[in-house]
Structure formats: C-alpha cells, structure tokens
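A.B. asks: Contents are compact mmCIF, C-alpha atoms; file name input11.txt:
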```txt
# COMPACT_ATOMS: atom_id res chain seq x y z
CA MET I 1 -25.95 14.61 9.63
CA SER I 2 -22.37 15.84 9.23
CA GLU I 3 -20.94 15.51 5.74
CA LYS I 4 -17.65 14.44 7.32
CA GLN I 5 -16.80 10.76 7.08
CA TYR I 6 -17.12 8.97 10.42
CA HIS I 7 -13.64 7.47 10.71
CA ILE I 8 -11.30 9.69 8.69
CA ASP I 9 -13.05 12.92 9.76
CA LEU I 10 -12.87 14.45 6.27
CA ALA I 11 -15.43 16.00 3.92
CA PRO I 12 -15.64 16.53 0.15
CA GLY I 13 -12.99 18.99 -0.98
CA ASP I 14 -10.54 18.09 1.78
CA VAL I 15 -8.44 15.78 -0.40
CA GLY I 16 -7.20 15.71 -3.98
CA ARG I 17 -8.10 12.96 -6.40
CA TYR I 18 -4.59 11.55 -5.86
CA VAL I 19 -3.92 10.02 -2.44
CA ILE I 20 -0.92 8.17 -0.99
CA LEU I 21 -1.83 5.53 1.61
CA PRO I 22 0.89 4.71 4.16
CA GLY I 23 0.12 2.76 7.31
CA ASP I 24 1.95 4.85 9.89
CA PRO I 25 0.52 8.28 10.88
CA GLY I 26 4.11 9.41 11.39
CA ARG I 27 4.94 8.44 7.84
CA ALA I 28 1.96 10.47 6.63
CA GLU I 29 3.60 13.53 8.14
CA LYS I 30 6.93 12.63 6.53
CA ILE I 31 5.26 12.28 3.14
CA SER I 32 3.59 15.67 3.56
CA HIS I 33 7.05 17.26 3.66
CA TYR I 34 7.30 16.46 -0.06
CA PHE I 35 4.21 18.63 -0.70
CA ASP I 36 4.10 22.36 -1.31
CA ASN I 37 2.08 24.13 1.40
CA PRO I 38 0.90 20.96 3.20
CA ARG I 39 -2.00 21.27 5.66
CA GLU I 40 -2.95 18.72 8.27
CA LEU I 41 -6.71 18.30 7.94
CA ALA I 42 -7.54 15.49 10.35
CA PHE I 43 -6.02 13.03 12.81
CA LYS I 44 -8.59 10.61 14.20
CA ARG I 45 -7.67 7.15 15.42
CA GLU I 46 -5.05 5.78 12.99
CA PHE I 47 -6.24 8.02 10.15
CA ARG I 48 -4.06 11.11 9.66
CA THR I 49 -4.44 13.28 6.55
CA PHE I 50 -2.43 16.06 4.94
CA THR I 51 -3.24 17.83 1.66
CA GLY I 52 -0.98 20.01 -0.45
CA THR I 53 0.31 20.33 -4.00
CA VAL I 54 3.21 18.89 -5.96
CA ASP I 55 4.10 20.91 -9.05
CA GLY I 56 0.60 22.38 -8.99
CA LEU I 57 -1.16 19.01 -8.64
CA LYS I 58 -3.41 18.65 -5.59
CA VAL I 59 -2.38 15.55 -3.65
CA SER I 60 -3.13 14.08 -0.24
CA VAL I 61 -1.79 11.45 2.13
CA THR I 62 -3.92 9.46 4.57
CA SER I 63 -2.51 6.89 6.97
CA THR I 64 -4.49 3.66 7.22
CA GLY I 65 -3.02 1.90 10.25
CA ILE I 66 -1.88 -1.71 10.06
CA GLY I 67 -3.77 -4.34 8.10
CA CYS I 68 -6.68 -4.73 5.73
CA PRO I 69 -9.63 -3.84 8.02
CA SER I 70 -8.53 -0.24 8.64
CA ALA I 71 -7.12 0.13 5.11
CA ALA I 72 -10.56 -0.82 3.77
CA ILE I 73 -12.25 1.83 5.94
CA ALA I 74 -9.86 4.56 4.83
CA LEU I 75 -10.22 3.68 1.16
CA GLU I 76 -14.02 3.48 1.23
CA GLU I 77 -14.38 6.84 2.99
CA LEU I 78 -11.81 8.59 0.77
CA ILE I 79 -13.76 7.39 -2.27
CA HIS I 80 -16.94 8.79 -0.70
CA ILE I 81 -15.40 12.29 -0.64
CA GLY I 82 -14.09 12.28 -4.19
CA ALA I 83 -10.63 10.70 -4.36
CA ASP I 84 -10.19 8.25 -7.23
CA THR I 85 -6.50 7.37 -7.57
CA PHE I 86 -4.58 5.69 -4.74
CA ILE I 87 -1.07 4.36 -4.19
CA ARG I 88 -0.23 2.34 -1.12
CA VAL I 89 3.31 3.23 0.05
CA GLY I 90 4.57 0.90 2.74
CA THR I 91 7.16 -1.68 3.74
CA ALA I 92 7.38 -5.40 3.07
CA GLY I 93 9.43 -8.52 3.56
CA SER I 94 11.11 -10.14 0.57
CA LEU I 95 10.13 -13.64 -0.53
CA GLN I 96 12.82 -13.91 -3.21
CA GLU I 97 16.57 -13.63 -2.74
CA GLU I 98 16.99 -11.18 -5.61
CA VAL I 99 14.45 -8.80 -4.06
CA GLU I 100 16.95 -7.16 -1.75
CA VAL I 101 16.57 -4.97 1.31
CA GLY I 102 16.13 -1.38 0.11
CA HIS I 103 14.64 -2.37 -3.24
CA LEU I 104 11.10 -1.41 -4.25
CA ALA I 105 8.43 -4.08 -4.74
CA ILE I 106 5.66 -2.92 -7.09
CA ALA I 107 2.66 -5.20 -6.64
CA THR I 108 0.86 -6.51 -9.71
CA GLY I 109 -1.58 -8.43 -7.52
CA ALA I 110 -2.01 -9.82 -4.03
CA ILE I 111 -2.63 -13.23 -2.48
CA ARG I 112 -5.80 -12.82 -0.42
CA GLU I 113 -4.63 -14.63 2.71
CA GLU I 114 -6.49 -12.19 4.99
CA GLY I 115 -10.05 -11.93 6.19
CA THR I 116 -11.35 -8.54 5.12
CA THR I 117 -11.87 -9.10 1.39
CA ARG I 118 -13.73 -12.38 1.99
CA GLN I 119 -16.55 -10.28 3.40
CA TYR I 120 -16.72 -8.39 0.09
CA ILE I 121 -16.41 -11.12 -2.54
CA PRO I 122 -15.46 -14.84 -2.84
CA LEU I 123 -11.78 -15.80 -2.90
CA SER I 124 -11.97 -16.72 -6.57
CA TYR I 125 -12.12 -12.97 -7.32
CA PRO I 126 -8.59 -11.64 -7.97
CA ALA I 127 -6.88 -8.80 -6.12
CA VAL I 128 -5.02 -6.85 -8.81
CA SER I 129 -3.47 -3.44 -9.31
CA ASP I 130 -5.02 -1.02 -11.78
CA PRO I 131 -2.93 -1.30 -14.98
CA GLU I 132 -2.57 2.46 -15.41
CA VAL I 133 -1.21 2.87 -11.88
CA LEU I 134 1.02 -0.19 -12.26
CA PHE I 135 2.62 1.04 -15.47
CA ALA I 136 3.02 4.57 -14.09
CA LEU I 137 4.82 3.19 -11.03
CA ARG I 138 7.14 1.12 -13.22
CA GLN I 139 7.87 4.11 -15.45
CA ALA I 140 8.51 6.33 -12.44
CA ALA I 141 10.92 3.85 -10.83
CA GLU I 142 12.77 3.47 -14.13
CA GLU I 143 13.03 7.23 -14.66
CA LEU I 144 14.32 7.75 -11.13
CA GLY I 145 16.76 4.85 -11.37
CA TYR I 146 15.55 2.96 -8.30
CA PRO I 147 16.04 -0.83 -8.09
CA HIS I 148 12.57 -2.34 -8.33
CA HIS I 149 10.66 -5.54 -8.98
CA LEU I 150 7.16 -6.19 -10.31
CA GLY I 151 5.22 -9.19 -9.08
CA ILE I 152 2.61 -10.69 -6.82
CA THR I 153 2.67 -9.81 -3.12
CA HIS I 154 1.34 -11.90 -0.27
CA CYS I 155 -1.17 -10.27 2.09
CA LYS I 156 -1.80 -11.50 5.62
CA ASP I 157 -3.45 -10.48 8.90
CA ALA I 158 -0.97 -11.88 11.46
CA PHE I 159 2.52 -10.39 11.32
CA TYR I 160 4.15 -12.78 13.77
CA SER I 161 2.81 -15.88 12.04
CA GLU I 162 5.87 -15.48 9.79
CA GLU I 163 8.19 -16.49 12.61
CA ALA I 164 8.69 -20.03 13.87
CA GLY I 165 7.04 -20.75 17.20
CA TYR I 166 4.45 -17.95 17.00
CA SER I 167 1.67 -20.05 15.48
CA ALA I 168 0.01 -23.26 16.60
CA GLN I 169 -0.03 -24.51 13.00
CA VAL I 170 3.73 -24.48 12.45
CA GLU I 171 3.91 -27.25 9.87
CA TYR I 172 1.06 -25.79 7.83
CA ASN I 173 2.64 -22.34 7.78
CA GLU I 174 6.06 -23.68 6.81
CA THR I 175 4.54 -25.55 3.86
CA LEU I 176 2.57 -22.47 2.81
CA TRP I 177 5.61 -20.18 2.88
CA LYS I 178 7.57 -22.67 0.77
CA THR I 179 4.70 -22.67 -1.71
CA TRP I 180 4.73 -18.89 -2.08
CA LEU I 181 8.52 -18.90 -2.54
CA ARG I 182 8.29 -21.53 -5.28
CA ALA I 183 5.42 -19.61 -6.89
CA ASN I 184 7.67 -16.54 -7.38
CA VAL I 185 5.72 -14.31 -4.99
CA ILE I 186 8.06 -11.35 -4.45
CA SER I 187 7.00 -9.92 -1.09
CA THR I 188 4.67 -10.09 1.89
CA SER I 189 2.82 -7.29 3.69
CA MET I 190 -0.62 -6.56 5.14
CA GLU I 191 -2.78 -4.10 3.17
CA GLU I 192 -2.67 -4.64 -0.60
CA ALA I 193 -5.44 -7.22 -0.92
CA ALA I 194 -8.08 -4.89 0.51
CA ILE I 195 -6.89 -1.92 -1.53
CA PHE I 196 -6.88 -3.91 -4.76
CA VAL I 197 -10.22 -5.67 -4.29
CA ILE I 198 -12.11 -2.58 -3.11
CA GLY I 199 -10.49 -0.43 -5.78
CA THR I 200 -11.72 -2.77 -8.51
CA LEU I 201 -15.20 -3.06 -7.00
CA ARG I 202 -15.53 0.72 -6.63
CA LYS I 203 -14.04 1.47 -10.09
CA VAL I 204 -11.17 3.61 -8.85
CA ARG I 205 -7.47 3.37 -9.70
CA VAL I 206 -5.27 1.64 -7.11
CA GLY I 207 -1.67 0.52 -6.92
CA ALA I 208 0.97 -0.32 -4.35
CA LEU I 209 4.69 -0.28 -3.84
CA ALA I 210 6.73 -1.20 -0.81
CA THR I 211 10.26 -0.68 0.41
CA ILE I 212 11.80 -4.02 1.30
CA ILE I 213 12.96 -4.05 4.93
CA GLY I 214 13.21 -7.78 5.62
CA GLN I 215 14.19 -11.16 4.19
CA THR I 216 11.17 -13.27 4.99
CA TRP I 217 12.48 -15.96 2.63
CA ALA I 218 15.44 -16.38 5.03
CA GLY I 219 13.42 -16.12 8.25
CA HIS I 220 14.24 -12.46 8.92
CA PRO I 221 10.99 -10.44 8.55
CA ILE I 222 12.77 -7.23 9.59
CA VAL I 223 16.43 -6.65 8.79
CA LYS I 224 16.66 -2.87 9.17
CA SER I 225 14.62 0.29 8.91
CA ILE I 226 14.89 1.92 5.49
CA ASP I 227 14.10 5.54 4.66
CA PRO I 228 11.02 5.41 2.38
CA GLU I 229 12.21 8.34 0.25
CA ASN I 230 12.55 6.30 -2.94
CA ALA I 231 9.03 4.90 -2.61
CA ILE I 232 7.54 8.33 -1.87
CA ARG I 233 9.25 9.95 -4.85
CA THR I 234 8.18 7.07 -7.08
CA ALA I 235 4.53 7.41 -6.04
CA LEU I 236 4.49 11.18 -6.57
CA ARG I 237 6.16 10.81 -9.96
CA ALA I 238 3.56 8.18 -10.91
CA PHE I 239 0.76 10.62 -10.05
CA ALA I 240 2.34 13.21 -12.37
CA ILE I 241 2.69 10.65 -15.16
CA MET I 242 -0.98 9.70 -14.91
CA ASP I 243 -2.14 13.29 -14.68
CA LYS I 244 -0.46 14.17 -17.99
CA LYS I 245 -2.30 11.43 -19.89
```
Here is the file; what I need is its structure written in the form of structure tokens.

C.D. replies:
Amino acid sequence: MSEKQYHIDLAPGDVGRYVILPGDPGRAEKISHYFDNPRELAFKREFRTFTGTVDGLKVSVTSTGIGCPSAAIALEELIHIGADTFIRVGTAGSLQEEVEVGHLAIATGAIREEGTTRQYIPLSYPAVSDPEVLFALRQAAEELGYPHHLGITHCKDAFYSEEAGYSAQVEYNETLWKTWLRANVISTSMEEAAIFVIGTLRKVRVGALATIIGQTWAGHPIVKSIDPENAIRTALRAFAIMDKK
C-alpha cells in the first residue's frame, strides 16, 4: 500500500508542521509566492500543495476546495502525515456593520450550521479555535497594523441560501440570519466548523482568519474581490510567533 494519502497525494515529510489552508487551488499558488524556494508537491482534485520555508521555518499550503466535507478530508490526511498546526485563510461575508469589507475576521469559534461535523460528534460539542493559534493571530494582526475583529463565525453548506429567493424556506432563513446578527456573530463562511471540530478531536492546533469581501448583513454576500495579502502575512507571522514559544 502506498504511504501517500489517497486524496491529497502526499506522504510523510512532504509538508511542514505549519500549514495554511485556503479553499482555492489558485490561492494556494499565490500563498506559495510568500515562501522561500517553494515546491509544488501535489495537485489532485481540489487539493493543491506547496512547501517551502519562511525565515528558515518549514511551512506548507494545501487548498481544501469549498466547504466542510473537502476541508475535513484535507485536514485529516495532513494530520496523518505529520502536520499539527493549521490556519484557515479564506474569505467571508460580514454579519456586523463595523466589520467592513477588507477587514480581517479572526474566528474564535464557529456556528455548526453544516452537515459534516454532525457525523463526527453531536451538535452540543463546540467548534472553537485553539487558544494559542487565536492569540498568535491577534498578536500578528496587531503588529502588522491590519484592521481586524475577533468573534464567532457562522459556517454553512449552501452559499446561495444567503440570498432571497434561492431557498424554499425563505421565512426560516430570514429569521435565522436576524438571530445571528443580534447574537453578534461577526462573519459567515463555509469551512471553519470542520477545521475547529476535527482539530480539537485530533489534538492539533487550528485557527482561522478571513478577509471580508461582502456585507451579508445588508444582503450583499459579495461586494468586491480583495487581495488576501493581509491575511496571508498575518497567518505567516502567527506561525513565527508560535514557533518562538
């Protein structure tokens, strides 16, 4: 039997202990440009991986595709080959007016309104960021001077359910969105719940930050495309902060 993992097509030694998890394979390549001597090691299905160094620290990036099912696969298989510290770097819609387009949303936890994690553990189990990763991300954003917010994110499976007319349960969804707004949930995206739950169950360090590209609170899930540079630099700085402790 090959020692390579079935989906990500990687083996022990291919990745560093520190891994960034974007969704888009194209963004994985963009993130690799921040590495010294990056090497593309695999590109199978939605899972694209580069490994390199940043100031002498071995780091990797693996794309996960969209949503919790594929994010769960990537995370499980990366853990199998030795990685133990993960930061999801993605995009999100804002659920609070003060969380503006272009700001960073650093997730403290996630609402498990998706299906993947229910097959791991009951819904009463929380989806939370690892404290060490969370505090490193906050410190990194502060050091770099990037506008950022800490708070709970909402995690879903159906992107277009955010928009009126795309779901058969319109009234239910409208009530639910109003609830999350009143509950001070800061953002909504599609991967954090799986990353947080599996990370806790597998005893690895996980965190997540997202660049805000939409105003979901105002009915505009996508306002404009934002360069993820601030989020990438924040994640890499957070890795360095953790590695020095």

A.B. asks: Kindly indicate which residue among I:His148, I:Lys178, I:Arg205, I:Lys58 lies nearest to Phe35 of chain I, using all atoms listed in the file for the distances.

C.D. replies: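 Closest residue, counting all atoms listed in the file: I:Lys58.
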
A.B. asks: What's around Val99 of chain I at 9 Å? Count all atoms listed in the file, leave out sequence neighbours fewer than 3 positions away in its own chain, and write the answer as a list in words.

C.D. replies: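 In the requested form, the answer reads Ser94, Leu95, Gln96, Gly102, His103, Leu104, Ala105, His148, His149, Ile186, Ser187, Ile212 and Gln215 of chain I.
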
A.B. asks: Given all atoms listed in the file, how would the per-residue table for segment 20-57 of chain I near segment 6-14 of chain I read, listing every residue at most 9 Å away with its closest atom pair and distance in Å to one decimal, sorted by chain and number, as a Markdown table?

C.D. replies:
```
| residue | atom | partner | partner_atom | distance |
| --- | --- | --- | --- | --- |
| I:Leu41 | CA | I:Asp14 | CA | 7.3 |
| I:Ala42 | CA | I:Asp9 | CA | 6.1 |
| I:Phe43 | CA | I:Ile8 | CA | 7.5 |
| I:Lys44 | CA | I:Ile8 | CA | 6.2 |
| I:Arg45 | CA | I:His7 | CA | 7.6 |
| I:Glu46 | CA | I:Ile8 | CA | 8.5 |
| I:Phe47 | CA | I:Ile8 | CA | 5.5 |
| I:Arg48 | CA | I:Ile8 | CA | 7.4 |
| I:Thr49 | CA | I:Ile8 | CA | 8.0 |
| I:Phe50 | CA | I:Asp14 | CA | 8.9 |
| I:Thr51 | CA | I:Asp14 | CA | 7.3 |
```

A.B. asks: Ile226 of chain I: which residues within 12 Å, counting only C-alpha atoms, same-chain residues fewer than 3 positions away excluded, as number ranges by chain?

C.D. replies: I: 90-93, 100-104, 210-214, 222-223, 229-231

A.B. asks: Excluding Pro69 of chain I and residues on its chain fewer than 4 positions from it, collect all residues at most 12 Å away from it, counting only C-alpha atoms, and give them as a JSON list (two decimals) with C-alpha atoms, keeping the file's coordinate frame.

C.D. replies:
```json
[["chain", "number", "residue", "atom", "x", "y", "z"],
["I", 23, "GLY", "CA", 0.12, 2.76, 7.31],
["I", 46, "GLU", "CA", -5.05, 5.78, 12.99],
["I", 64, "THR", "CA", -4.49, 3.66, 7.22],
["I", 65, "GLY", "CA", -3.02, 1.90, 10.25],
["I", 73, "ILE", "CA", -12.25, 1.83, 5.94],
["I", 74, "ALA", "CA", -9.86, 4.56, 4.83],
["I", 75, "LEU", "CA", -10.22, 3.68, 1.16],
["I", 76, "GLU", "CA", -14.02, 3.48, 1.23],
["I", 114, "GLU", "CA", -6.49, -12.19, 4.99],
["I", 115, "GLY", "CA", -10.05, -11.93, 6.19],
["I", 116, "THR", "CA", -11.35, -8.54, 5.12],
["I", 117, "THR", "CA", -11.87, -9.10, 1.39],
["I", 118, "ARG", "CA", -13.73, -12.38, 1.99],
["I", 119, "GLN", "CA", -16.55, -10.28, 3.40],
["I", 120, "TYR", "CA", -16.72, -8.39, 0.09],
["I", 156, "LYS", "CA", -1.80, -11.50, 5.62],
["I", 157, "ASP", "CA", -3.45, -10.48, 8.90],
["I", 190, "MET", "CA", -0.62, -6.56, 5.14],
["I", 191, "GLU", "CA", -2.78, -4.10, 3.17],
["I", 192, "GLU", "CA", -2.67, -4.64, -0.60],
["I", 193, "ALA", "CA", -5.44, -7.22, -0.92],
["I", 194, "ALA", "CA", -8.08, -4.89, 0.51],
["I", 195, "ILE", "CA", -6.89, -1.92, -1.53],
["I", 198, "ILE", "CA", -12.11, -2.58, -3.11]]
```

A.B. asks: Determine the nearest neighbour of Leu123 of chain I from the options I:Gly26, I:Val197, I:Glu142, I:Ala240, counting only C-alpha atoms.

C.D. replies: I:Val197

A.B. asks: Mind giving me the straight-line distance from atom CA of Tyr34 of chain I to atom CA of Lys224 of chain I in Å, one decimal?

C.D. replies: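 Atom-to-atom, atom CA of Tyr34 of chain I to atom CA of Lys224 of chain I, that is 23.4 Å.
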
A.B. asks: Report, in Å to a single decimal, how far apart atom CA of Glu98 of chain I and atom CA of Ser63 of chain I are.

C.D. replies: 29.4 Å

A.B. asks: Ranking I:Val204, I:Ile20, I:Ala238, I:Leu57 by minimum distance to Asp130 of chain I and counting all atoms listed in the file, which one comes first?

C.D. replies: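 When distances to Asp130 of chain I are compared using all atoms listed in the file, the smallest one comes from I:Val204.
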
A.B. asks: What does the structure give for the distance between atom CA of Tyr160 of chain I and atom CA of Glu97 of chain I, in Å to one decimal?

C.D. replies: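 Computed distance, atom CA of Tyr160 of chain I to atom CA of Glu97 of chain I, equals 20.7 Å.
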
A.B. asks: May I ask which of the residues I:Val19, I:Val170, I:Ala183, I:Ile241 is the closest one to Val89 of chain I, counting only C-alpha atoms?

C.D. replies: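 Using only C-alpha atoms, the shortest distance to Val89 of chain I belongs to I:Val19.
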
A.B. asks: Which residue, I:Ser60, I:Ala141, I:Trp180, I:Ile66, has the smallest gap to His33 of chain I when you use all atoms listed in the file?

C.D. replies: I:Ser60

A.B. asks: Go through I:Val206, I:Leu181, I:Ile152, I:Leu176 and flag the residue nearest Ser129 of chain I, using all atoms listed in the file for the distances.

C.D. replies: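 Going through I:Val206, I:Leu181, I:Ile152, I:Leu176 one by one, the smallest distance to Ser129 of chain I is for I:Val206.
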
A.B. asks: Quick one: residues within 8 Å of segment 107-110 of chain I, only C-alpha atoms counted, chain neighbours fewer than 2 positions away excluded, as a list in words?

C.D. replies: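 These residues fall inside the cut-off: Ala105, Arg112, Pro126, Ala127, Val128, Ser129, Leu134, Leu150, Gly151, Ile152, Thr153, His154, Cys155, Glu192, Ala193, Phe196, Gly207, Ala208 and Leu209 of chain I.
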